[in-house]
$ cat my_file-v5.txt   # compact mmCIF, C-alpha atoms and all ligand atoms
# COMPACT_ATOMS: atom_id res chain seq x y z
CA MET H 1 92.99 151.30 101.92
CA LYS H 2 90.47 149.89 104.37
CA HIS H 3 88.75 148.13 101.50
CA ALA H 4 92.05 146.65 100.23
CA LEU H 5 92.94 145.34 103.71
CA PHE H 6 89.52 143.72 104.06
CA THR H 7 89.94 142.06 100.64
CA VAL H 8 93.37 140.66 101.58
CA LEU H 9 92.04 139.34 104.90
CA PHE H 10 88.95 137.83 103.29
CA VAL H 11 90.96 136.14 100.52
CA SER H 12 93.55 134.74 103.00
CA VAL H 13 90.90 133.35 105.35
CA PHE H 14 88.96 131.85 102.45
CA THR H 15 92.11 130.30 100.93
CA VAL H 16 93.28 128.76 104.22
CA THR H 17 89.80 127.34 104.88
CA SER H 18 89.44 125.80 101.46
CA VAL H 19 92.93 124.24 101.57
CA SER H 20 92.54 122.63 105.02
CA ALA H 21 88.95 121.37 104.68
CA ALA H 22 88.58 117.81 103.39
CA GLU H 23 86.09 117.24 100.59
CA SER H 24 82.65 116.15 101.75
CA SER H 25 82.39 113.40 99.13
CA VAL H 26 85.33 111.75 97.41
CA ALA H 27 84.75 109.60 94.32
CA LEU H 28 87.12 106.62 94.47
CA PRO H 29 88.99 105.23 91.46
CA ALA H 30 87.63 101.97 90.03
CA PRO H 31 88.95 99.04 92.08
CA GLN H 32 91.68 96.77 90.73
CA LYS H 33 89.98 93.52 89.71
CA THR H 34 92.83 91.64 88.05
CA GLY H 35 96.44 90.82 88.84
CA GLY H 36 97.93 90.79 92.31
CA LYS H 37 99.36 87.76 94.06
CA PRO H 38 97.72 84.39 93.25
CA MET H 39 94.99 83.76 95.82
CA LEU H 40 96.51 80.59 97.34
CA GLU H 41 99.86 82.34 97.77
CA ALA H 42 98.10 85.16 99.64
CA VAL H 43 96.41 82.57 101.89
CA ALA H 44 99.78 80.94 102.52
CA SER H 45 101.48 84.23 103.45
CA ARG H 46 98.67 86.07 105.28
CA ALA H 47 99.79 87.36 108.69
CA SER H 48 99.14 90.36 110.88
CA ALA H 49 101.82 93.04 110.53
CA SER H 50 103.77 93.43 113.76
CA GLY H 51 102.45 96.18 115.99
CA LEU H 52 106.05 96.93 117.05
CA ASP H 53 107.35 97.49 113.53
CA PHE H 54 104.22 98.54 111.67
CA PRO H 55 104.74 99.48 107.98
CA SER H 56 104.68 103.26 107.67
CA GLY H 57 104.26 103.81 103.91
CA THR H 58 101.29 105.79 102.61
CA ILE H 59 98.68 103.75 100.79
CA SER H 60 97.54 105.14 97.41
CA GLN H 61 93.92 106.10 96.81
CA GLN H 62 93.85 103.36 94.14
CA ASP H 63 94.76 100.70 96.72
CA ILE H 64 92.29 102.14 99.27
CA ALA H 65 89.58 101.86 96.62
CA THR H 66 90.52 98.22 95.96
CA LEU H 67 90.62 97.35 99.68
CA LEU H 68 87.21 98.91 100.42
CA TRP H 69 85.59 97.33 97.40
CA SER H 70 87.06 93.92 98.41
CA ALA H 71 85.63 94.26 101.90
CA THR H 72 82.14 95.45 101.06
CA GLY H 73 81.79 96.49 97.42
CA LYS H 74 79.22 95.57 94.81
CA ASN H 75 80.44 92.82 92.45
CA ARG H 76 77.11 91.83 90.81
CA ALA H 77 73.61 93.26 90.55
CA SER H 78 72.30 93.25 94.18
CA LYS H 79 75.24 91.18 95.54
CA TRP H 80 78.58 92.00 97.16
CA THR H 81 82.20 90.81 97.35
CA ILE H 82 81.44 89.12 100.67
CA PRO H 83 78.24 87.16 101.40
CA PHE H 84 75.47 89.10 103.16
CA GLY H 85 72.70 86.80 104.42
CA LEU H 86 69.53 86.78 102.32
CA SER H 87 71.39 89.23 100.01
CA VAL H 88 70.38 92.00 102.41
CA GLU H 89 72.44 95.13 101.71
CA PRO H 90 75.61 95.52 103.85
CA TYR H 91 74.85 95.64 107.58
CA VAL H 92 78.38 96.58 108.68
CA ASP H 93 79.77 100.01 107.71
CA ILE H 94 83.44 100.76 107.19
CA TYR H 95 84.74 104.14 108.30
CA VAL H 96 88.15 105.25 107.05
CA ALA H 97 90.43 107.43 109.16
CA ALA H 98 93.04 109.09 106.93
CA LYS H 99 95.34 112.10 107.15
CA GLU H 100 92.68 114.38 105.65
CA GLY H 101 89.75 113.26 107.77
CA VAL H 102 87.39 110.43 108.69
CA TYR H 103 85.00 109.11 106.05
CA ARG H 104 82.29 106.45 105.69
CA TYR H 105 82.62 104.16 102.70
CA ALA H 106 79.46 104.33 100.57
CA TRP H 107 79.35 101.06 98.61
CA GLN H 108 76.33 102.41 96.70
CA ASP H 109 78.47 104.73 94.57
CA HIS H 110 81.94 103.58 95.65
CA SER H 111 82.78 106.89 97.33
CA LEU H 112 83.91 108.24 100.69
CA LYS H 113 81.58 110.54 102.64
CA LEU H 114 83.23 112.94 105.10
CA VAL H 115 82.26 112.40 108.74
CA ALA H 116 84.95 114.42 110.57
CA ASP H 117 87.59 116.80 109.27
CA GLY H 118 91.31 116.61 110.09
CA ASP H 119 93.87 114.00 111.14
CA LEU H 120 92.27 112.11 114.05
CA ARG H 121 94.04 108.74 113.57
CA LYS H 122 95.96 108.77 116.83
CA ASN H 123 92.77 109.22 118.87
CA PHE H 124 91.11 105.94 117.92
CA SER H 125 93.34 103.62 119.95
CA SER H 126 95.88 103.59 122.75
CA GLN H 127 98.00 101.15 120.71
CA GLY H 128 100.94 102.97 119.11
CA PHE H 129 100.84 101.31 115.70
CA VAL H 130 97.34 102.68 115.05
CA ALA H 131 98.63 106.28 115.23
CA THR H 132 101.35 105.56 112.67
CA ALA H 133 99.17 103.62 110.23
CA SER H 134 98.54 105.18 106.81
CA HIS H 135 94.82 104.41 107.11
CA ILE H 136 92.55 102.89 109.76
CA PHE H 137 89.35 101.11 108.85
CA ILE H 138 86.73 101.07 111.63
CA PHE H 139 83.97 98.47 111.45
CA VAL H 140 80.60 99.51 112.84
CA THR H 141 77.38 97.53 112.72
CA ASN H 142 74.43 99.07 110.91
CA LYS H 143 71.51 96.72 111.53
CA THR H 144 68.82 98.77 109.80
CA PRO H 145 68.76 96.61 106.64
CA LEU H 146 68.40 93.47 108.83
CA ARG H 147 65.69 94.99 111.02
CA ASN H 148 63.75 95.82 107.90
CA LYS H 149 63.75 92.10 107.04
CA GLY H 150 62.43 90.95 110.45
CA GLY H 151 64.13 88.41 112.76
CA SER H 152 65.39 88.94 116.31
CA PRO H 153 68.11 91.16 117.88
CA GLN H 154 70.20 88.02 118.69
CA HIS H 155 70.09 86.99 115.07
CA TRP H 156 71.06 90.50 113.85
CA VAL H 157 74.08 90.62 116.17
CA LYS H 158 75.26 87.17 115.01
CA TRP H 159 74.99 88.16 111.37
CA THR H 160 76.94 91.42 111.84
CA TYR H 161 79.79 89.51 113.52
CA VAL H 162 79.89 86.89 110.76
CA ALA H 163 80.01 89.68 108.16
CA THR H 164 82.80 91.53 110.01
CA GLY H 165 84.84 88.30 110.06
CA ALA H 166 84.37 87.78 106.32
CA MET H 167 85.19 91.43 105.55
CA THR H 168 88.35 91.52 107.64
CA GLU H 169 89.68 88.19 106.36
CA GLN H 170 89.12 89.32 102.77
CA LEU H 171 90.99 92.52 103.66
CA TYR H 172 93.92 90.56 105.09
CA LEU H 173 94.23 88.60 101.83
CA VAL H 174 93.86 91.57 99.49
CA ALA H 175 96.24 93.66 101.63
CA ASP H 176 98.82 90.87 101.41
CA SER H 177 98.34 90.74 97.65
CA LEU H 178 98.93 94.53 97.37
CA ARG H 179 102.02 94.49 99.65
CA ILE H 180 100.16 96.29 102.41
CA GLY H 181 100.64 95.40 106.06
CA ALA H 182 97.45 94.97 108.10
CA ARG H 183 96.48 94.30 111.69
CA TYR H 184 93.04 93.60 113.19
CA ALA H 185 92.50 95.15 116.62
CA GLU H 186 89.62 94.92 119.02
CA THR H 187 91.31 97.49 121.27
CA MET H 188 89.94 100.94 120.53
CA GLU H 189 88.73 104.07 122.29
CA THR H 190 85.09 103.07 122.00
CA ASN H 191 83.61 106.27 123.46
CA TYR H 192 85.73 108.40 121.15
CA VAL H 193 84.72 106.24 118.15
CA ARG H 194 81.05 106.52 119.09
CA GLN H 195 81.22 110.29 119.51
CA THR H 196 83.31 111.08 116.45
CA LEU H 197 81.39 108.81 114.09
CA ASN H 198 78.04 109.65 115.70
CA ILE H 199 77.11 106.00 116.23
CA ALA H 200 73.52 105.19 117.21
CA THR H 201 73.24 103.67 120.71
CA ASP H 202 71.99 100.32 119.40
CA GLU H 203 74.88 99.99 116.94
CA GLU H 204 78.35 98.72 117.82
CA PRO H 205 81.93 99.55 116.80
CA VAL H 206 83.33 95.99 116.46
CA CYS H 207 87.00 96.40 115.59
CA ILE H 208 89.56 98.51 113.83
CA PHE H 209 91.92 97.45 111.07
CA ALA H 210 95.20 99.33 110.68
CA LEU H 211 96.89 99.44 107.27
CA GLY H 212 100.29 100.65 106.02
CA LYS H 213 102.20 100.21 102.75
CA ARG H 214 105.26 97.95 102.98
C1 LIG A 1 89.27 89.02 117.51
C2 LIG A 1 90.67 89.57 117.41
C3 LIG A 1 91.04 90.62 118.22
C4 LIG A 1 92.30 91.19 118.12
N1 LIG A 1 92.62 92.28 118.86
C5 LIG A 1 93.85 92.82 118.75
C6 LIG A 1 94.19 94.00 119.48
O1 LIG A 1 93.36 94.57 120.19
N2 LIG A 1 95.43 94.49 119.35
C7 LIG A 1 96.38 93.92 118.55
O2 LIG A 1 97.49 94.43 118.47
N3 LIG A 1 96.09 92.81 117.82
C8 LIG A 1 94.85 92.26 117.91
N4 LIG A 1 94.53 91.16 117.14
C9 LIG A 1 95.54 90.57 116.25
C10 LIG A 1 95.96 89.22 116.80
O3 LIG A 1 96.80 89.40 117.92
C11 LIG A 1 96.65 88.41 115.70
O4 LIG A 1 95.74 88.23 114.65
C12 LIG A 1 97.08 87.07 116.27
O5 LIG A 1 98.25 87.21 117.05
C13 LIG A 1 97.35 86.04 115.20
O6 LIG A 1 98.38 86.49 114.34
P1 LIG A 1 98.19 86.43 112.75
O7 LIG A 1 97.05 87.35 112.40
O8 LIG A 1 99.50 86.90 112.19
O9 LIG A 1 97.87 85.03 112.38
C14 LIG A 1 93.25 90.63 117.21
C15 LIG A 1 92.86 89.57 116.39
C16 LIG A 1 91.60 89.06 116.47
C17 LIG A 1 91.19 87.96 115.53

$ encode --input "my_file-v5.txt" --output "structure tokens" --more "lines below"
Ligand SMILES: Cc1cc2nc3c(=O)[nH]c(=O)nc-3n(C[C@H](O)[C@H](O)[C@H](O)COP(=O)(O)O)c2cc1C
Amino acid sequence: MKHALFTVLFVSVFTVTSVSAAESSVALPAPQKTGGKPMLEAVASRASASGLDFPSGTISQQDIATLLWSATGKNRASKWTIPFGLSVEPYVDIYVAAKEGVYRYAWQDHSLKLVADGDLRKNFSSQGFVATASHIFIFVTNKTPLRNKGGSPQHWVKWTYVATGAMTEQLYLVADSLRIGARYAETMETNYVRQTLNIATDEEPVCIFALGKR
């Protein structure tokens, strides 16, 4: 009897744990590389989604894969979808806050690596639309690849900001093409971001980008 009770308890605890825990590495589907809205039409219609009426639909894993690849994916041998100076590997990381947890996008194998378990979306900003977004992308500098090439701290900072601008603009256009609403925001709970993502002191969370399916 005692043995049977222990078995039931053990199985229930194990089952609950394995259902609630997010996977530590998630392989993403191949990104969409054809179709969508013609590029000039996306430029003509690009706009930030209103923070007061932010689209609340859930974005599919297929579209998340396409968005991340557009922002910082490999599109040739040793080159990426946005220009990185001197073809240095990406020096801005994208973290993805989703219902299941918070992940870092690994462009190397087009996968998501778990950083924190659970739904933490509402904690990243005091702005209401961020809490209701399907996914939040958080842009954080990662200057190691630049440092390895030499140069000065001023030059590394400038390059990370240029890259963040290119990445977020590309995201705006691809989001528009996929009928996804997007909004750039500098406002964020920086200390919470630093703690949760375990950001090195000499790196910087630059902005967040909220996304929701229209
Ligand atoms: C550098 C920058 C910082 C921004 N910060 C915020 C922000 O903290 N919160 C917010 O709701 N929108 C923010 N936005 C969105 C802008 O308010 C929005 O892009 C601007 O009103 C122009 O509208 P459009 O993107 O539709 O052209 C930011 C945009 C940029 C470029």

$ atom_distance --input "my_file-v5.txt" --atom1 "atom CA of H:Lys143" --atom2 "atom CA of H:Asp93"
9.7 Å

$ closest_residue --input "my_file-v5.txt" --among "H:Trp156, H:Trp80, H:Trp69, H:Tyr184" --to "ligand LIG 1 (chain A)" --atoms "only C-alpha atoms and all ligand atoms"
H:Tyr184

$ closest_residue --input "my_file-v5.txt" --among "H:Tyr192, H:Trp159, H:Phe54, H:Tyr91" --to "ligand LIG 1 (chain A)" --atoms "all atoms listed in the file"
H:Phe54

$ closest_atom_pairs --input "my_file-v5.txt" --of "chain H" --to "ligand LIG 1 (chain A)" --cutoff "9 Å" --atoms "all atoms listed in the file" --output "CSV"
residue,atom,partner,partner_atom,distance
H:Arg46,CA,A:LIG1,O8,7.0
H:Ala47,CA,A:LIG1,O8,3.5
H:Ser48,CA,A:LIG1,O8,3.7
H:Ala49,CA,A:LIG1,O8,6.8
H:Ser50,CA,A:LIG1,O2,7.9
H:Gly51,CA,A:LIG1,O2,5.8
H:Gln127,CA,A:LIG1,O2,7.1
H:Phe129,CA,A:LIG1,O2,8.1
H:Val130,CA,A:LIG1,O2,8.9
H:Gly165,CA,A:LIG1,C17,8.4
H:Tyr172,CA,A:LIG1,O7,8.6
H:Ala182,CA,A:LIG1,O7,8.8
H:Arg183,CA,A:LIG1,C9,6.0
H:Tyr184,CA,A:LIG1,N4,4.9
H:Ala185,CA,A:LIG1,C5,3.4
H:Glu186,CA,A:LIG1,O1,3.9
H:Thr187,CA,A:LIG1,O1,3.7
H:Met188,CA,A:LIG1,O1,7.2
H:Cys207,CA,A:LIG1,C3,7.5
H:Ile208,CA,A:LIG1,O1,8.4

$ residues_around --input "my_file-v5.txt" --residues "H:Ser78" --least-positions-apart "6" --cutoff "10 Å" --atoms "only C-alpha atoms" --output "PDB file with C-alpha atoms, in the coordinates of the input"
ATOM      1  CA  SER H  87      71.390  89.230 100.010  1.00  0.00           C
ATOM      2  CA  VAL H  88      70.380  92.000 102.410  1.00  0.00           C
ATOM      3  CA  GLU H  89      72.440  95.130 101.710  1.00  0.00           C
TER       4      GLU H  89
END

$ atom_distance --input "my_file-v5.txt" --atom1 "atom CA of H:Asp109" --atom2 "atom CA of H:Gly57"
27.4 Å

$ atom_distance --input "my_file-v5.txt" --atom1 "atom CA of H:Pro83" --atom2 "atom CA of H:Ala97"
24.9 Å

$ closest_atom_pairs --input "my_file-v5.txt" --of "stretch 151-214 of chain H" --to "stretch 30-41 of chain H" --cutoff "10 Å" --atoms "only C-alpha atoms" --output "Markdown table"
| residue | atom | partner | partner_atom | distance |
| --- | --- | --- | --- | --- |
| H:Leu173 | CA | H:Met39 | CA | 7.8 |
| H:Val174 | CA | H:Gly36 | CA | 8.3 |
| H:Ala175 | CA | H:Gly36 | CA | 9.9 |
| H:Asp176 | CA | H:Lys37 | CA | 8.0 |
| H:Ser177 | CA | H:Lys37 | CA | 4.8 |
| H:Leu178 | CA | H:Gly36 | CA | 6.4 |
| H:Arg179 | CA | H:Lys37 | CA | 9.1 |

$ residues_around --input "my_file-v5.txt" --residues "H:Gln108" --least-positions-apart "5" --cutoff "10 Å" --atoms "only C-alpha atoms" --output "VMD selection string"
chain H and resid 73 to 74 89 to 90

$ closest_residue --input "my_file-v5.txt" --among "H:Pro29, H:Gly128, H:Gly181, H:Gly85" --to "H:Ala65" --atoms "only C-alpha atoms"
H:Pro29

$ residues_around --input "my_file-v5.txt" --residues "H:Ser111" --least-positions-apart "5" --cutoff "8 Å" --atoms "all atoms listed in the file" --output "PyMOL selection string"
chain H and resi 25-28+105-106

$ closest_residue --input "my_file-v5.txt" --among "H:Leu112, H:Val206, H:Ala22, H:Ile180" --to "H:Asp63" --atoms "only C-alpha atoms"
H:Ile180

$ residues_around --input "my_file-v5.txt" --residues "H:Glu203" --least-positions-apart "5" --cutoff "8 Å" --atoms "all atoms listed in the file" --output "PDB file with C-alpha atoms, in the coordinates of the input"
ATOM      1  CA  VAL H 140      80.600  99.510 112.840  1.00  0.00           C
ATOM      2  CA  THR H 141      77.380  97.530 112.720  1.00  0.00           C
ATOM      3  CA  ASN H 142      74.430  99.070 110.910  1.00  0.00           C
ATOM      4  CA  LYS H 143      71.510  96.720 111.530  1.00  0.00           C
TER       5      LYS H 143
END
